[in-house]
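Single-structure report; data block below.
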Amino acid sequence: MSSEIRVANKAFRAFLLGIEDVLGKHGVEAVLHRANLPQYIGNYPPSTMERGEHSIRYFSRIARAMYDIYGGRGARAIMQRVGRSQAEIGLQENAALVALARLGMKLLPLRQQVKIALEAAVKAINEQIGSEAEIIEEGEFFYYQARNCSYCIDWQSDTPVCFAVIGFLHRLLQNITGGTEKIEEVMCRAKGDAVCRYRITLNP
Ligand SMILES: [Zn+2]
């Protein structure tokens, strides 16, 4: 039932724009045809918080279409870049907030800054997409964990498939860490795990 969630216009828009960033207009077109979502070709939702007809399942449908077209390795590289673009768009949309936060955060230890950025991103993701994500701090690690991850719904695979999250988290933390952190997917619902889980190591 929870997978029937409709996502906010701006979240689905950022995903489609992210794909266009990486693959160009023709690339998005091919992927949307393959995903059987041709209604979105040249017709992205507006940048608003309203919920249109975009099911949370469309994320995984599109991700799988990319897998079919570009193969596992190609899709992995592309989706990581798409996630990066999604974060970039999110940061641009909230430029004023980000600048303000950075001003106040500069005095905090790096670890604290990372935690604040992760918590803020999770809040936006949960509000806009409904991923049921949370940040867990355990020893030296941070974990991003999603019970209703949008990228792997109805997908079975021997290996993790939610590559966009890795690119997203890297871009999100880049301004703070300079990109030095390490991010690994340690659990994925496509593999039969109960959640999708990413381990973030600072200064590995
Ligand atoms: Zn997932």
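As shown in the structure tokens, the chain order sets the letters A, B, ...; within each chain, residues go from 1, and ligands are also counted from 1 in the order they appear.
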Name all residues at most 6 Å from A:Tyr198 (count only C-alpha atoms; drop same-chain ones fewer than 4 positions away) and give them as a PyMOL selection string.
-> chain A and resi 143-144+184-186
Nearby polymer residues, ligand 1, at most 8 Å, only C-alpha atoms and all ligand atoms, as a PyMOL selection string = chain A and resi 146+148-153+160-162+188-190+195-197
Which residues of stretch 54-135 of chain A come within 9 Å of stretch 15-21 of chain A, and what is each one's closest atom pair and distance in Å (one decimal), counting only C-alpha atoms, sorted by chain and residue number, as CSV?
```
residue,atom,partner,partner_atom,distance
A:Phe59,CA,A:Phe15,CA,8.0
A:Ile78,CA,A:Ile19,CA,8.1
A:Met79,CA,A:Ile19,CA,8.0
A:Arg81,CA,A:Gly18,CA,7.8
A:Val82,CA,A:Gly18,CA,4.7
A:Gly83,CA,A:Gly18,CA,7.0
A:Arg84,CA,A:Gly18,CA,7.8
A:Ser85,CA,A:Gly18,CA,4.8
A:Gln86,CA,A:Gly18,CA,5.4
A:Ala87,CA,A:Gly18,CA,8.9
A:Glu88,CA,A:Gly18,CA,8.8
A:Ile89,CA,A:Gly18,CA,8.0
```
Between atom CA of A:Gln156 and atom CA of A:Ser131, measure the distance and give it in Å to one decimal.
->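 We find that atom CA of A:Gln156 and atom CA of A:Ser131 lie 18.2 Å from each other.
Restricting the calculation to only C-alpha atoms, the smallest distance between A:Gly130 and any of A:Ala117, A:Pro204, A:Pro45, A:Ile56 is found for A:Ile56.
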Nearby residues (only C-alpha atoms) at most 8 Å from A:Glu140, same-chain spacing under 3 positions excluded, as a ChimeraX atom specification | /A:137,201-202
Since we have the selection now, will you write its residues out, keeping N, CA and C atoms, as a PDB file, in the first residue's frame?
```
ATOM      1  N   GLU A 137      23.154   7.061  13.301  1.00  0.00           N
ATOM      2  CA  GLU A 137      24.563   7.263  13.619  1.00  0.00           C
ATOM      3  C   GLU A 137      25.008   6.083  14.455  1.00  0.00           C
ATOM      4  N   THR A 201      31.161   6.837   5.334  1.00  0.00           N
ATOM      5  CA  THR A 201      32.374   6.907   6.143  1.00  0.00           C
ATOM      6  C   THR A 201      33.052   8.249   5.901  1.00  0.00           C
ATOM      7  N   LEU A 202      33.231   9.029   6.954  1.00  0.00           N
ATOM      8  CA  LEU A 202      33.940  10.299   6.818  1.00  0.00           C
ATOM      9  C   LEU A 202      35.426  10.043   6.958  1.00  0.00           C
TER      10      LEU A 202
END
```
Which one is closest to A:Gly72: A:Gly52, A:Gln174, A:Phe163, A:Gly27? Count only C-alpha atoms.
->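 Closest to A:Gly72 of all the choices is A:Phe163.
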Determine, counting only C-alpha atoms, which protein, DNA and RNA residues have an atom within 10 Å of an atom of A:Arg64; residues of the same chain fewer than 3 positions away are not included. Present the result as a PyMOL selection string.
-> chain A and resi 31+34-35+58-61+67-72+75+151-155+161
Using only C-alpha atoms, what table do you get, as a tab-separated table, when you list each residue of stretch 67-172 of chain A with an atom no more than 10 Å from stretch 179-183 of chain A, its nearest pair of atoms, and their distance in Å rounded to one decimal, rows by chain then rising number?
```
residue	atom	partner	partner_atom	distance
A:Phe142	CA	A:Ile183	CA	9.6
A:Tyr143	CA	A:Ile183	CA	9.3
A:Tyr144	CA	A:Ile183	CA	9.7
A:Val165	CA	A:Ile183	CA	9.6
A:Ile166	CA	A:Ile183	CA	6.4
A:Gly167	CA	A:Ile183	CA	9.1
A:Leu169	CA	A:Ile183	CA	7.9
A:His170	CA	A:Gly179	CA	6.6
A:Arg171	CA	A:Gly179	CA	7.7
A:Leu172	CA	A:Gly179	CA	9.3
```
From A:Arg51, A:His33, A:Arg111, A:Arg102, residue lying nearest A:Met66 [only C-alpha atoms] |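 Comparing A:Arg51, A:His33, A:Arg111, A:Arg102 against A:Met66, the winner is A:His33.
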Based on DSSP run over this structure's backbone, return all residues of stretch 23-161 of chain A in strand (DSSP E), as a PyMOL selection string.
-> chain A and resi 51-55+133-138+141-146
Selection file, N, CA and C atoms, as an mmCIF file, in the first residue's frame:
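Now in selection.cif:
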```
data_model
loop_
_atom_site.group_PDB
_atom_site.id
_atom_site.type_symbol
_atom_site.label_atom_id
_atom_site.label_comp_id
_atom_site.auth_asym_id
_atom_site.auth_seq_id
_atom_site.Cartn_x
_atom_site.Cartn_y
_atom_site.Cartn_z
ATOM 1 N N ARG A 51 0.867 17.134 -5.354
ATOM 2 C CA ARG A 51 1.046 15.781 -5.839
ATOM 3 C C ARG A 51 0.185 15.565 -7.058
ATOM 4 N N GLY A 52 0.813 15.215 -8.162
ATOM 5 C CA GLY A 52 0.061 14.927 -9.376
ATOM 6 C C GLY A 52 -0.221 13.446 -9.432
ATOM 7 N N GLU A 53 -0.108 12.884 -10.617
ATOM 8 C CA GLU A 53 -0.393 11.464 -10.808
ATOM 9 C C GLU A 53 0.865 10.616 -10.708
ATOM 10 N N HIS A 54 1.966 11.223 -10.258
ATOM 11 C CA HIS A 54 3.249 10.504 -10.314
ATOM 12 C C HIS A 54 3.386 9.544 -9.145
ATOM 13 N N SER A 55 3.280 8.254 -9.452
ATOM 14 C CA SER A 55 3.432 7.225 -8.419
ATOM 15 C C SER A 55 4.894 7.091 -8.037
ATOM 16 N N ALA A 133 12.700 7.466 4.948
ATOM 17 C CA ALA A 133 14.148 7.403 5.188
ATOM 18 C C ALA A 133 14.480 7.962 6.562
ATOM 19 N N GLU A 134 15.635 7.556 7.069
ATOM 20 C CA GLU A 134 16.127 8.103 8.337
ATOM 21 C C GLU A 134 17.651 8.048 8.350
ATOM 22 N N ILE A 135 18.229 8.855 9.220
ATOM 23 C CA ILE A 135 19.681 8.849 9.389
ATOM 24 C C ILE A 135 20.006 8.175 10.715
ATOM 25 N N ILE A 136 20.890 7.213 10.656
ATOM 26 C CA ILE A 136 21.292 6.497 11.868
ATOM 27 C C ILE A 136 22.785 6.722 12.075
ATOM 28 N N GLU A 137 23.154 7.061 13.301
ATOM 29 C CA GLU A 137 24.563 7.263 13.619
ATOM 30 C C GLU A 137 25.008 6.083 14.455
ATOM 31 N N GLU A 138 26.073 5.422 14.009
ATOM 32 C CA GLU A 138 26.518 4.218 14.708
ATOM 33 C C GLU A 138 28.032 4.218 14.719
ATOM 34 N N PHE A 141 30.277 5.677 11.838
ATOM 35 C CA PHE A 141 29.520 5.724 10.581
ATOM 36 C C PHE A 141 28.198 6.465 10.706
ATOM 37 N N PHE A 142 27.773 7.015 9.563
ATOM 38 C CA PHE A 142 26.385 7.435 9.390
ATOM 39 C C PHE A 142 25.734 6.443 8.431
ATOM 40 N N TYR A 143 24.469 6.173 8.658
ATOM 41 C CA TYR A 143 23.714 5.365 7.710
ATOM 42 C C TYR A 143 22.505 6.144 7.223
ATOM 43 N N TYR A 144 22.310 6.115 5.909
ATOM 44 C CA TYR A 144 21.060 6.589 5.324
ATOM 45 C C TYR A 144 20.267 5.319 5.055
ATOM 46 N N GLN A 145 19.076 5.253 5.609
ATOM 47 C CA GLN A 145 18.293 4.029 5.491
ATOM 48 C C GLN A 145 16.874 4.353 5.054
ATOM 49 N N ALA A 146 16.357 3.621 4.068
ATOM 50 C CA ALA A 146 15.004 3.887 3.566
ATOM 51 C C ALA A 146 14.172 2.614 3.571
#
```
Atomic distance atom CA of A:Phe12 - atom CA of A:Asp158, expressed in Å with one decimal |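 A separation of 27.1 Å between them.
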Between atom CA of A:Met105 and atom CA of A:Thr177, what is the distance, to one decimal in Å?
->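 Answer for the atom CA of A:Met105 to atom CA of A:Thr177 separation: 12.7 Å.
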Any chance you could list, as a PyMOL selection string, the residues in chain A that come up alpha helix (DSSP H) when DSSP is run on the backbone?
-> chain A and resi 9-34+57-93+95-105+110-128+163-177
